[in-house]
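**Student:** For reference, this is protein15.txt, and it has compact mmCIF, C-alpha atoms.
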```txt
# COMPACT_ATOMS: atom_id res chain seq x y z
CA MET A 30 111.07 82.87 73.01
CA SER A 31 109.44 85.74 71.17
CA LEU A 32 107.20 87.37 73.74
CA TYR A 33 107.25 90.55 71.69
CA TYR A 34 105.50 88.85 68.77
CA VAL A 35 103.06 86.99 71.03
CA GLN A 36 102.03 90.38 72.30
CA LYS A 37 102.06 91.91 68.81
CA PHE A 38 99.60 89.29 67.63
CA ILE A 39 97.36 89.92 70.63
CA TYR A 40 97.57 93.68 70.13
CA ASN A 41 96.56 93.32 66.49
CA ILE A 42 93.71 90.87 66.97
CA ASN A 43 92.26 92.61 70.03
CA ARG A 44 91.54 95.73 67.99
CA ASP A 45 90.69 94.32 64.57
CA THR A 46 87.39 92.49 64.08
CA LYS A 47 88.34 91.53 60.50
CA LEU A 48 91.47 89.82 61.80
CA GLN A 49 89.31 88.06 64.39
CA THR A 50 87.17 86.71 61.56
CA GLY A 51 90.26 85.51 59.68
CA PHE A 52 91.66 83.89 62.82
CA ALA A 53 88.41 82.02 63.38
CA ALA A 54 88.55 80.73 59.82
CA ASN A 55 92.24 79.73 59.74
CA ALA A 56 94.22 80.35 62.90
CA ASP A 57 97.44 78.79 61.65
CA MET A 58 97.53 81.00 58.57
CA ILE A 59 97.20 84.13 60.70
CA LEU A 60 99.74 82.96 63.31
CA ALA A 61 102.26 82.17 60.56
CA ASN A 62 102.69 85.91 60.08
CA TYR A 63 104.38 86.17 63.49
CA ASP A 64 107.76 84.92 64.71
CA LEU A 65 106.45 82.44 67.29
CA THR A 66 107.70 79.24 68.85
CA ASP A 67 105.46 76.19 68.63
CA GLU A 68 104.58 76.61 72.31
CA GLU A 69 103.58 80.25 71.78
CA ALA A 70 101.51 79.51 68.67
CA CYS A 71 99.75 76.67 70.48
CA ALA A 72 99.00 78.84 73.51
CA LEU A 73 97.48 81.52 71.29
CA ARG A 74 95.51 79.04 69.16
CA GLU A 75 94.16 77.16 72.15
CA ALA A 76 93.61 80.30 74.27
CA ASP A 77 95.80 78.91 77.04
CA ILE A 78 95.41 82.04 79.12
CA GLY A 79 97.35 80.57 82.03
CA LEU A 80 100.43 79.89 79.90
CA LEU A 81 100.22 83.26 78.15
CA TYR A 82 100.06 84.93 81.57
CA VAL A 83 103.10 83.00 82.81
CA MET A 84 104.99 83.83 79.60
CA GLY A 85 104.68 87.49 80.62
CA VAL A 86 102.03 88.87 78.29
CA ASN A 87 101.05 92.35 79.46
CA GLY A 88 97.93 92.14 81.60
CA GLN A 89 95.92 94.67 79.63
CA LEU A 90 96.60 92.80 76.39
CA LEU A 91 95.76 89.46 77.97
CA MET A 92 92.62 90.70 79.71
CA HIS A 93 91.19 91.90 76.39
CA TYR A 94 92.34 88.73 74.61
CA ALA A 95 90.67 86.53 77.21
CA ALA A 96 87.44 88.50 76.79
CA TYR A 97 87.64 88.16 73.00
CA ARG A 98 88.19 84.40 73.41
CA GLY A 99 85.03 84.23 75.48
CA LEU A 100 86.28 83.91 79.07
CA ALA A 101 84.06 85.43 81.72
CA TRP A 102 85.85 87.51 84.35
CA ASP A 103 86.03 84.85 87.07
CA ASP A 104 87.16 82.21 84.57
CA TYR A 105 89.91 84.55 83.34
CA ILE A 106 91.22 85.12 86.87
CA GLN A 107 91.04 81.39 87.56
CA ALA A 108 92.91 80.64 84.31
CA MET A 109 95.81 82.81 85.48
CA LYS A 110 95.84 81.06 88.85
CA ASP A 111 95.78 77.68 87.12
CA GLY A 112 98.64 78.82 84.89
CA LEU A 113 100.76 79.67 87.92
CA ALA A 114 100.06 76.25 89.43
CA LYS A 115 100.83 74.40 86.20
CA TYR A 116 103.70 76.40 84.69
CA GLY A 117 105.29 78.25 87.61
CA GLU A 118 105.90 81.93 88.25
CA VAL A 119 105.53 84.68 85.65
CA ARG A 120 108.68 84.66 83.53
CA ALA A 121 108.79 88.23 82.24
CA GLY A 122 107.09 91.60 82.35
CA SER A 123 105.54 93.56 85.18
CA TYR A 124 102.20 91.77 85.65
CA VAL A 125 103.52 89.36 88.24
CA THR A 126 101.39 87.91 91.00
CA ILE A 127 102.41 88.95 94.50
CA ASP A 128 101.77 87.12 97.75
CA GLY A 129 99.94 84.32 95.98
CA GLY A 130 97.23 86.62 94.70
CA ALA A 131 96.44 88.14 98.09
CA GLY A 132 93.77 90.83 98.05
CA GLY A 133 92.20 89.55 94.88
CA ALA A 134 88.44 89.99 94.60
CA VAL A 135 87.86 86.66 92.84
CA MET B 27 87.70 130.91 75.22
CA SER B 28 89.22 128.92 78.03
CA LEU B 29 88.91 125.90 80.19
CA VAL B 30 85.30 125.61 81.41
CA PHE B 31 85.45 122.28 83.26
CA ALA B 32 88.14 120.08 84.76
CA GLY B 33 87.73 116.79 86.56
CA LEU B 34 88.99 113.28 87.03
CA CYS B 35 87.37 109.87 87.24
CA SER B 36 88.23 106.19 87.38
CA HIS B 37 87.86 104.04 84.28
CA ALA B 38 88.31 100.42 85.36
CA PRO B 39 86.39 98.05 83.07
CA GLY B 40 84.73 96.38 86.03
CA ILE B 41 82.78 99.59 86.68
CA THR B 42 80.50 98.70 83.77
CA ALA B 43 81.36 95.03 83.17
CA ARG B 44 80.75 93.98 86.76
CA ALA B 45 78.63 96.90 87.92
CA GLU B 46 76.04 94.88 89.80
CA ARG B 47 78.62 92.84 91.73
CA ALA B 48 79.70 95.77 93.90
CA PRO B 49 77.86 96.31 97.18
CA ALA B 50 75.01 98.77 96.66
CA GLU B 51 76.29 100.98 99.49
CA LEU B 52 79.45 101.59 97.49
CA ARG B 53 78.11 101.42 93.93
CA GLU B 54 75.22 103.80 94.38
CA PRO B 55 77.14 106.80 95.79
CA PHE B 56 79.90 106.22 93.25
CA PHE B 57 77.48 106.28 90.35
CA ALA B 58 75.62 109.23 91.92
CA ASN B 59 78.87 111.20 91.88
CA PHE B 60 79.43 110.24 88.25
CA ASN B 61 75.98 111.73 87.66
CA ILE B 62 76.87 114.94 89.49
CA MET B 63 80.02 115.16 87.41
CA ARG B 64 77.98 114.73 84.24
CA GLN B 65 75.58 117.48 85.32
CA GLN B 66 78.43 119.89 86.07
CA LEU B 67 80.09 119.02 82.78
CA GLU B 68 76.86 119.69 80.88
CA ALA B 69 76.27 122.94 82.81
CA ALA B 70 79.68 124.18 81.65
CA LYS B 71 78.43 123.86 78.03
CA PRO B 72 81.72 122.67 76.56
CA ASP B 73 82.24 122.56 72.81
CA ALA B 74 84.70 119.72 73.26
CA LEU B 75 85.85 117.31 75.95
CA ILE B 76 89.50 116.34 76.14
CA VAL B 77 89.95 112.96 77.84
CA ILE B 78 93.44 112.46 79.26
CA ALA B 79 93.60 108.68 79.38
CA ALA B 80 96.05 105.89 79.98
CA GLU B 81 95.19 103.67 77.08
CA HIS B 82 95.82 99.97 77.17
CA PHE B 83 97.20 99.01 73.75
CA ALA B 84 94.19 100.20 71.80
CA ASN B 85 96.31 102.37 69.50
CA PHE B 86 99.98 102.07 70.27
CA PHE B 87 102.34 99.13 70.70
CA MET B 88 105.99 98.71 71.59
CA ASP B 89 107.01 99.15 67.94
CA ASN B 90 106.29 102.86 68.31
CA MET B 91 105.13 103.99 71.73
CA PRO B 92 104.61 107.72 72.22
CA ALA B 93 104.88 109.23 75.68
CA TYR B 94 102.03 111.61 74.78
CA ALA B 95 99.56 111.40 71.92
CA MET B 96 96.40 113.23 70.89
CA GLY B 97 93.69 112.13 68.50
CA ALA B 98 93.00 114.36 65.51
CA ALA B 99 90.12 112.75 63.68
CA PRO B 100 86.52 113.66 62.84
CA TYR B 101 85.39 110.55 64.69
CA TYR B 102 86.73 107.71 66.81
CA GLU B 103 85.59 104.16 67.48
CA GLY B 104 85.15 102.07 70.58
CA PRO B 105 85.23 100.01 72.59
CA ILE B 106 87.82 97.64 71.18
CA GLU B 107 86.79 95.12 73.82
CA ASP B 108 83.97 92.63 73.35
CA PRO B 109 80.96 94.94 73.90
CA ASP B 110 79.09 92.19 75.74
CA TRP B 111 82.03 91.83 78.12
CA LEU B 112 82.42 95.56 78.80
CA LYS B 113 78.65 96.14 78.59
CA ILE B 114 79.14 99.22 76.44
CA LYS B 115 77.89 99.14 72.86
CA ARG B 116 80.44 99.60 70.06
CA ARG B 117 79.92 102.96 68.32
CA LYS B 118 81.42 105.96 66.59
CA ILE B 119 82.35 108.87 68.85
CA PRO B 120 82.35 112.41 67.46
CA GLY B 121 85.66 114.26 67.20
CA ASN B 122 86.87 117.61 65.90
CA ALA B 123 90.05 117.28 63.84
CA ASN B 124 90.37 121.00 63.21
CA LEU B 125 90.28 121.79 66.92
CA SER B 126 92.68 118.93 67.67
CA PHE B 127 95.27 120.26 65.27
CA ARG B 128 95.02 123.77 66.67
CA LEU B 129 95.57 122.40 70.18
CA ILE B 130 98.42 120.19 68.99
CA LYS B 131 100.19 123.10 67.33
CA THR B 132 100.24 125.06 70.58
CA ILE B 133 101.14 122.09 72.79
CA MET B 134 104.08 121.34 70.52
CA GLN B 135 105.65 124.63 71.57
CA ASP B 136 106.37 122.91 74.89
CA ILE B 137 105.90 119.15 74.48
CA ASP B 138 106.79 116.79 71.62
CA LEU B 139 103.28 115.43 71.23
CA ALA B 140 102.44 112.59 68.84
CA TYR B 141 99.15 112.79 66.98
CA SER B 142 96.97 110.29 65.20
CA GLU B 143 94.22 110.75 62.63
CA GLU B 144 92.65 107.48 63.70
CA TRP B 145 92.00 106.27 67.22
CA LYS B 146 90.25 103.37 68.87
CA CYS B 147 88.98 103.75 72.41
CA ASP B 148 89.21 101.03 75.04
CA HIS B 149 87.63 100.97 78.47
CA GLY B 150 89.99 103.74 79.53
CA ILE B 151 87.90 106.25 77.59
CA MET B 152 84.66 104.35 77.03
CA VAL B 153 83.83 103.90 80.71
CA PRO B 154 84.11 107.65 81.47
CA LEU B 155 82.09 108.52 78.34
CA HIS B 156 79.43 105.97 79.28
CA PHE B 157 78.72 108.01 82.40
CA LEU B 158 79.64 111.55 81.34
CA THR B 159 78.39 111.86 77.76
CA PRO B 160 75.88 109.01 77.48
CA ASN B 161 74.34 110.50 74.33
CA TYR B 162 77.77 110.91 72.68
CA ASP B 163 76.81 114.44 71.70
CA ILE B 164 80.02 116.27 72.68
CA ASP B 165 83.11 116.28 70.48
CA ILE B 166 85.79 114.18 72.15
CA ILE B 167 89.52 114.71 71.86
CA PRO B 168 91.37 111.65 73.17
CA VAL B 169 94.79 111.96 74.75
CA ASN B 170 97.04 109.12 75.80
CA ILE B 171 99.88 109.15 78.27
CA ASN B 172 101.86 105.92 78.15
CA CYS B 173 101.30 104.42 81.58
CA GLN B 174 101.50 100.82 80.43
CA THR B 175 104.99 99.92 79.30
CA ALA B 176 108.25 101.25 80.73
CA PRO B 177 110.20 103.41 80.33
CA PHE B 178 107.55 105.92 81.33
CA THR B 179 107.55 109.65 80.85
CA PRO B 180 108.87 111.34 84.04
CA LEU B 181 106.24 112.77 86.35
CA LYS B 182 107.62 116.28 85.89
CA ARG B 183 106.90 115.91 82.18
CA ALA B 184 103.33 114.82 82.89
CA TRP B 185 102.93 118.03 84.87
CA ALA B 186 104.49 120.02 82.02
CA PHE B 187 102.16 118.31 79.57
CA GLY B 188 99.17 119.38 81.64
CA LYS B 189 100.41 122.97 81.67
CA ALA B 190 100.98 122.91 77.93
CA LEU B 191 97.52 121.47 77.37
CA ARG B 192 95.96 124.21 79.50
CA LYS B 193 97.83 126.88 77.55
CA ALA B 194 96.52 125.40 74.33
CA CYS B 195 92.95 125.34 75.70
CA ASP B 196 93.22 129.01 76.65
CA PHE B 197 94.43 129.82 73.13
CA VAL B 198 91.40 128.53 71.20
CA ASP B 199 87.93 130.09 70.90
CA GLU B 200 86.01 126.96 71.89
CA ARG B 201 84.83 126.12 75.41
CA ILE B 202 86.99 123.21 76.52
CA ALA B 203 86.45 120.60 79.21
CA ILE B 204 89.17 118.26 80.46
CA VAL B 205 88.56 114.95 82.19
CA ALA B 206 91.59 112.97 83.25
CA THR B 207 91.05 109.30 83.96
CA GLY B 208 93.25 106.79 85.71
CA GLY B 209 93.59 104.54 88.68
CA ILE B 210 95.57 105.09 91.83
CA SER B 211 96.88 101.89 93.47
CA HIS B 212 95.72 98.77 91.70
CA TRP B 213 97.01 95.42 90.50
CA PRO B 214 94.73 94.94 87.48
CA ALA B 215 94.69 91.92 85.20
CA THR B 216 96.50 89.67 87.68
CA PRO B 217 95.25 87.22 90.31
CA ASN B 218 95.69 90.14 92.72
CA SER B 219 93.01 92.11 90.85
CA GLY B 220 90.96 93.75 93.59
CA LYS B 221 93.95 94.47 95.84
CA ILE B 222 93.92 98.18 96.73
CA ASN B 223 96.35 100.07 98.98
CA GLU B 224 93.82 102.41 100.55
CA ALA B 225 96.31 104.18 102.82
CA TRP B 226 98.58 104.92 99.85
CA ASP B 227 95.59 106.11 97.81
CA ARG B 228 94.40 108.47 100.51
CA ASP B 229 97.88 109.92 100.99
CA PHE B 230 98.20 110.47 97.25
CA LEU B 231 94.73 112.02 97.03
CA ASP B 232 95.58 114.40 99.87
CA LYS B 233 98.54 115.70 97.86
CA PHE B 234 96.44 115.76 94.70
CA ALA B 235 93.60 117.66 96.38
CA ARG B 236 96.04 120.28 97.66
CA ASN B 237 97.60 120.31 94.18
CA ASP B 238 100.97 120.11 95.87
CA LYS B 239 103.34 120.04 92.92
CA THR B 240 106.42 119.28 94.97
CA ALA B 241 104.78 116.35 96.75
CA LEU B 242 103.21 114.93 93.58
CA LEU B 243 106.46 115.03 91.65
CA ALA B 244 108.41 113.40 94.50
CA TYR B 245 107.04 109.93 93.71
CA ASN B 246 109.33 107.56 91.83
CA ASP B 247 108.40 104.67 89.59
CA GLU B 248 110.05 101.92 91.63
CA ALA B 249 108.26 102.88 94.83
CA VAL B 250 104.95 103.41 93.02
CA TYR B 251 105.18 99.93 91.49
CA ALA B 252 105.93 98.41 94.90
CA ASP B 253 103.22 100.30 96.78
CA ALA B 254 100.58 100.86 94.12
CA GLY B 255 101.01 98.02 91.67
CA GLN B 256 101.11 97.88 87.90
CA GLY B 257 98.27 100.37 87.70
CA GLY B 258 100.02 102.96 89.84
CA ALA B 259 101.80 104.35 86.79
CA GLU B 260 98.46 105.91 85.86
CA ILE B 261 99.04 108.66 88.44
CA ARG B 262 100.45 110.48 85.42
CA THR B 263 96.90 111.32 84.37
CA PHE B 264 96.22 112.83 87.80
CA ILE B 265 99.44 114.82 87.64
CA ALA B 266 98.69 116.09 84.13
CA LEU B 267 95.34 117.40 85.37
CA ALA B 268 97.01 118.98 88.39
CA GLY B 269 99.41 120.73 86.03
CA ALA B 270 96.52 121.93 83.88
CA VAL B 271 94.87 123.57 86.91
CA GLU B 272 98.07 124.64 88.67
CA GLY B 273 97.36 126.81 91.68
CA ARG B 274 93.84 125.46 92.19
CA LYS B 275 92.69 122.94 94.74
CA ILE B 276 90.96 119.77 93.52
CA ASN B 277 87.78 118.58 95.21
CA ILE B 278 87.70 114.83 95.82
CA ALA B 279 83.98 114.26 95.50
CA PHE B 280 84.18 110.49 96.00
CA TYR B 281 86.75 107.88 96.91
CA ALA B 282 86.14 104.30 97.98
CA PRO B 283 88.00 101.06 97.36
CA ILE B 284 85.69 98.75 95.39
CA PRO B 285 87.61 95.49 94.98
CA ILE B 286 85.34 93.90 92.37
CA TYR B 287 86.00 97.00 90.23
CA ALA B 288 89.72 96.46 90.93
CA VAL B 289 90.48 100.05 91.92
CA GLY B 290 89.87 102.75 94.51
CA CYS B 291 87.04 104.48 92.68
CA THR B 292 87.54 108.22 92.46
CA ILE B 293 85.59 111.24 91.25
CA ALA B 294 87.20 114.68 91.49
CA MET B 295 86.34 118.12 90.15
CA VAL B 296 87.94 121.54 90.11
CA ASP B 297 86.18 124.81 90.91
CA LEU B 298 87.55 126.94 88.10
CA ASP B 299 85.70 130.04 89.36
CA GLU B 300 87.32 129.91 92.79
CA SER B 301 89.35 133.07 93.44
```
Would you put the structure from the file into C-alpha cells?
**Tutor:**
Amino acid sequence: MSLYYVQKFIYNINRDTKLQTGFAANADMILANYDLTDEEACALREADIGLLYVMGVNGQLLMHYAAYRGLAWDDYIQAMKDGLAKYGEVRAGSYVTIDGGAGGAV
Amino acid sequence: MSLVFAGLCSHAPGITARAERAPAELREPFFANFNIMRQQLEAAKPDALIVIAAEHFANFFMDNMPAYAMGAAPYYEGPIEDPDWLKIKRRKIPGNANLSFRLIKTIMQDIDLAYSEEWKCDHGIMVPLHFLTPNYDIDIIPVNINCQTAPFTPLKRAWAFGKALRKACDFVDERIAIVATGGISHWPATPNSGKINEAWDRDFLDKFARNDKTALLAYNDEAVYADAGQGGAEIRTFIALAGAVEGRKINIAFYAPIPIYAVGCTIAMVDLDES
C-alpha cells in the first residue's frame, strides 16, 4: 500500500493542467512515476472513486479529482457510497463515513 | 495605515457549484449578506485584501506542510478545480509581492511563517472572491492555515498568528482588509456531506461573537472532530480573525445550515470603529 503516493499523484494532477493533458495521452507513463501497487494504479487510471475513497484518499483531494475526471456532484457522492458497499469501510485517513452517511444532502 | 475591514465568510464549493439547489429562502438572504459584506469592504477602500483561508491541497502537500503560509507574488491563479464544476472562471488574481514581504517580515517576529512566490487558489479563496471582489480589482494576499492534515497547529497559535498579522497590518502604510474563511461543523467530501451540527455551530458562534479568547481556545481537536467533523478543524481561521481583532465583538450577520452547500453558511463582520 502506498496511499501517500496515490495522494501525491492526485495532488499533482489536480493542480496542473499540463499534467492532465499528459495523463490523457498516456496514463501509464505518468503513473509509472509514482510508487503505486497495481490496484492503486488501476483505481487512478479507471477513476474508481469508490475504491480511492475506501483506500483513504483525503476527501478534498478526491473531491477535486472526481470533478477533474468528470463526475457530477451527485455521481461523486454515489460513487463513494458504492465504494463502501463494494469494498468495505474506509481503511485509513480521517474522511470516514459515520452512521451510514446520515445527514447527507444527496 | 491600519486595518480598515475585518470579516469572515464561508467558502464551501457548493455555494457556487450548486447555488441554485439551495432553497431560495436560505440562498437569497445568504447571498444578500455576501453583497452587504462586499459593499462594506468596498466602502473601507482597502489597498489590499488578506484572505485567511484553509486551503485544500492547492499549494502544499504532506511532503512539506506549513502550519502557516502567506503568498508573496505579483499575481495568483485559480481556481485549480474544473471551472465548469465550481462555476467560477479560471483567471489571474492580482497580488502585491512587495506588501506581502513587508507583512511577512513583521509577522516573523512572532510566528514562523512560510511564504511562497507562487500560489494557486482553490474554492477556499475563489468562492469568497467571487462574491467580495467580483471584478478582481483589489490586490489579494492569500494566507493558508493547515486545517486539512494532522497534526494541526494548536488553537492558541492560530490566535497568536492573528495577533501577529494584525500587528503587521498596523505597521504598513497601506489600508488593509482581512477576510477569514472557513467552515464550522461539516463533514465535507464524504457520504455525510450536508450533515451539520447546528447546535454546536451556534454555541461556537456565540463564543466567536463575544470574542471570548478563553472559550475559543478551550476546544480540542479530538472533540472538534467528533462533534464538528473533518471540516471542524477550520475553526482555526475563525480564531485567527478573533486574535486579529482582539477585544472587539464580532457581528454574526448571517448563519443558516444549508445542507446542499455542505456547511452552516456564515457571514460575520467587525465594527472596527466601535469604542
**Student:** What does the distance between CA of Tyr287 in chain B and CA of Lys146 in chain B come to in Å, to one decimal place?
**Tutor:**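 Computing it gives 22.7 Å between the two atoms.
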**Student:** Can you write out as a Markdown table which residues of chain A fall within 10 Å of chain B, alongside each residue's closest atom pair and its distance in Å to one decimal, counting all atoms listed in the file and ordering rows by chain and ascending residue number?
**Tutor:**
```
| residue | atom | partner | partner_atom | distance |
| --- | --- | --- | --- | --- |
| A:Tyr33 | CA | B:Met88 | CA | 8.3 |
| A:Gln36 | CA | B:Phe87 | CA | 8.9 |
| A:Lys37 | CA | B:Phe87 | CA | 7.5 |
| A:Ile39 | CA | B:Phe83 | CA | 9.6 |
| A:Tyr40 | CA | B:Phe83 | CA | 6.5 |
| A:Asn41 | CA | B:Ala84 | CA | 9.0 |
| A:Ile42 | CA | B:Ile106 | CA | 9.9 |
| A:Asn43 | CA | B:Ile106 | CA | 6.8 |
| A:Arg44 | CA | B:Ile106 | CA | 5.3 |
| A:Asp45 | CA | B:Ile106 | CA | 7.9 |
| A:Thr46 | CA | B:Ile106 | CA | 8.8 |
| A:Tyr82 | CA | B:Thr216 | CA | 8.5 |
| A:Asn87 | CA | B:Thr175 | CA | 8.5 |
| A:Gly88 | CA | B:Ala215 | CA | 4.8 |
| A:Gln89 | CA | B:His82 | CA | 5.8 |
| A:Leu90 | CA | B:Phe83 | CA | 6.8 |
| A:Leu91 | CA | B:Ala215 | CA | 7.7 |
| A:Met92 | CA | B:Ala215 | CA | 6.0 |
| A:His93 | CA | B:Glu107 | CA | 6.0 |
| A:Tyr94 | CA | B:Glu107 | CA | 8.5 |
| A:Ala95 | CA | B:Asp108 | CA | 9.8 |
| A:Ala96 | CA | B:Asp108 | CA | 6.4 |
| A:Tyr97 | CA | B:Asp108 | CA | 5.8 |
| A:Arg98 | CA | B:Asp108 | CA | 9.2 |
| A:Gly99 | CA | B:Trp111 | CA | 8.6 |
| A:Leu100 | CA | B:Trp111 | CA | 9.0 |
| A:Ala101 | CA | B:Trp111 | CA | 7.6 |
| A:Trp102 | CA | B:Trp111 | CA | 8.5 |
| A:Tyr105 | CA | B:Ala215 | CA | 9.0 |
| A:Ile106 | CA | B:Pro217 | CA | 5.7 |
| A:Gln107 | CA | B:Pro217 | CA | 7.7 |
| A:Ala108 | CA | B:Pro217 | CA | 9.2 |
| A:Met109 | CA | B:Pro217 | CA | 6.6 |
| A:Lys110 | CA | B:Pro217 | CA | 6.4 |
| A:Leu113 | CA | B:Pro217 | CA | 9.6 |
| A:Gly122 | CA | B:Thr175 | CA | 9.1 |
| A:Ser123 | CA | B:Gln256 | CA | 6.8 |
| A:Tyr124 | CA | B:Thr216 | CA | 6.4 |
| A:Val125 | CA | B:Thr216 | CA | 7.0 |
| A:Thr126 | CA | B:Thr216 | CA | 6.2 |
| A:Ile127 | CA | B:Asn218 | CA | 7.1 |
| A:Asp128 | CA | B:Asn218 | CA | 8.4 |
| A:Gly129 | CA | B:Pro217 | CA | 7.9 |
| A:Gly130 | CA | B:Asn218 | CA | 4.3 |
| A:Ala131 | CA | B:Asn218 | CA | 5.8 |
| A:Gly132 | CA | B:Lys221 | CA | 4.3 |
| A:Gly133 | CA | B:Asn218 | CA | 4.1 |
| A:Ala134 | CA | B:Gly220 | CA | 4.6 |
| A:Val135 | CA | B:Ile286 | CA | 7.7 |
```
**Student:** Name the residues within 6 Å of (106.7, 84.3, 81.5), counting only C-alpha atoms in the file's coordinates, and put them as an MDAnalysis selection string.
**Tutor:** chainID A and resid 83:85 119:121
**Student:** To one decimal place in Å, what is the distance between CA of Phe157 in chain B and CA of Tyr141 in chain B?
**Tutor:**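 Distance between the two atoms: 26.0 Å.
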**Student:** Around all the atoms of range 32-35 of chain A listed in the file, draw an axis-aligned box and extend it by 3 Å on each of the six sides; I want its centre and edge lengths in Å to one decimal, as lines of an AutoDock Vina configuration file.
**Tutor:**
```
center_x = 105.2
center_y = 88.8
center_z = 71.3
size_x = 10.2
size_y = 9.6
size_z = 11.0
```
**Student:** Which value, in Å to one decimal, gives the distance between CA of Ala252 in chain B and CA of Ala225 in chain B?
**Tutor:**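 Answer for the CA of Ala252 in chain B to CA of Ala225 in chain B separation: 13.7 Å.
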**Student:** Which residue, B:Lys275, B:Arg228, B:Tyr101, B:Pro180, has the smallest gap to Tyr245 in chain B when you use only C-alpha atoms?
**Tutor:**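 Closest residue, counting only C-alpha atoms: B:Pro180.
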**Student:** Which of these residues is nearest to Cys195 in chain B, using all atoms listed in the file: B:Ile137, B:Ala270, B:Asp232, B:Pro160?
**Tutor:**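 Comparing B:Ile137, B:Ala270, B:Asp232, B:Pro160 against Cys195 in chain B, the winner is B:Ala270.
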**Student:** For the point (97.7, 121.3, 81.1) in file coordinates, what residues are within 9 Å, counting only C-alpha atoms? Give the answer as a PyMOL selection string?
**Tutor:** chain B and resi 184-195+266-272
**Student:** Can you pull out every residue within 7 Å of range 34-39 of chain B, counting all atoms listed in the file, but drop anything in the same chain fewer than 5 positions away, and send it as an mmCIF file with C-alpha atoms, in the frame of the given file?
**Tutor:**
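Heads up, here's the output in part-v2.cif:
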```cif
data_model
loop_
_atom_site.group_PDB
_atom_site.id
_atom_site.type_symbol
_atom_site.label_atom_id
_atom_site.label_comp_id
_atom_site.auth_asym_id
_atom_site.auth_seq_id
_atom_site.Cartn_x
_atom_site.Cartn_y
_atom_site.Cartn_z
ATOM 1 C CA LEU B 112 82.420 95.560 78.800
ATOM 2 C CA HIS B 149 87.630 100.970 78.470
ATOM 3 C CA GLY B 150 89.990 103.740 79.530
ATOM 4 C CA VAL B 153 83.830 103.900 80.710
ATOM 5 C CA PRO B 154 84.110 107.650 81.470
ATOM 6 C CA VAL B 205 88.560 114.950 82.190
ATOM 7 C CA ALA B 206 91.590 112.970 83.250
ATOM 8 C CA THR B 207 91.050 109.300 83.960
ATOM 9 C CA GLY B 208 93.250 106.790 85.710
ATOM 10 C CA GLY B 209 93.590 104.540 88.680
ATOM 11 C CA TYR B 287 86.000 97.000 90.230
ATOM 12 C CA ALA B 288 89.720 96.460 90.930
ATOM 13 C CA VAL B 289 90.480 100.050 91.920
ATOM 14 C CA CYS B 291 87.040 104.480 92.680
ATOM 15 C CA THR B 292 87.540 108.220 92.460
ATOM 16 C CA ILE B 293 85.590 111.240 91.250
ATOM 17 C CA ALA B 294 87.200 114.680 91.490
ATOM 18 C CA MET B 295 86.340 118.120 90.150
#
```
**Student:** Using all atoms listed in the file, which of A:Glu75, A:Phe38, A:Leu32, A:Leu48 sits nearest Leu60 in chain A?
**Tutor:**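 Among the listed residues, A:Phe38 lies closest to Leu60 in chain A.
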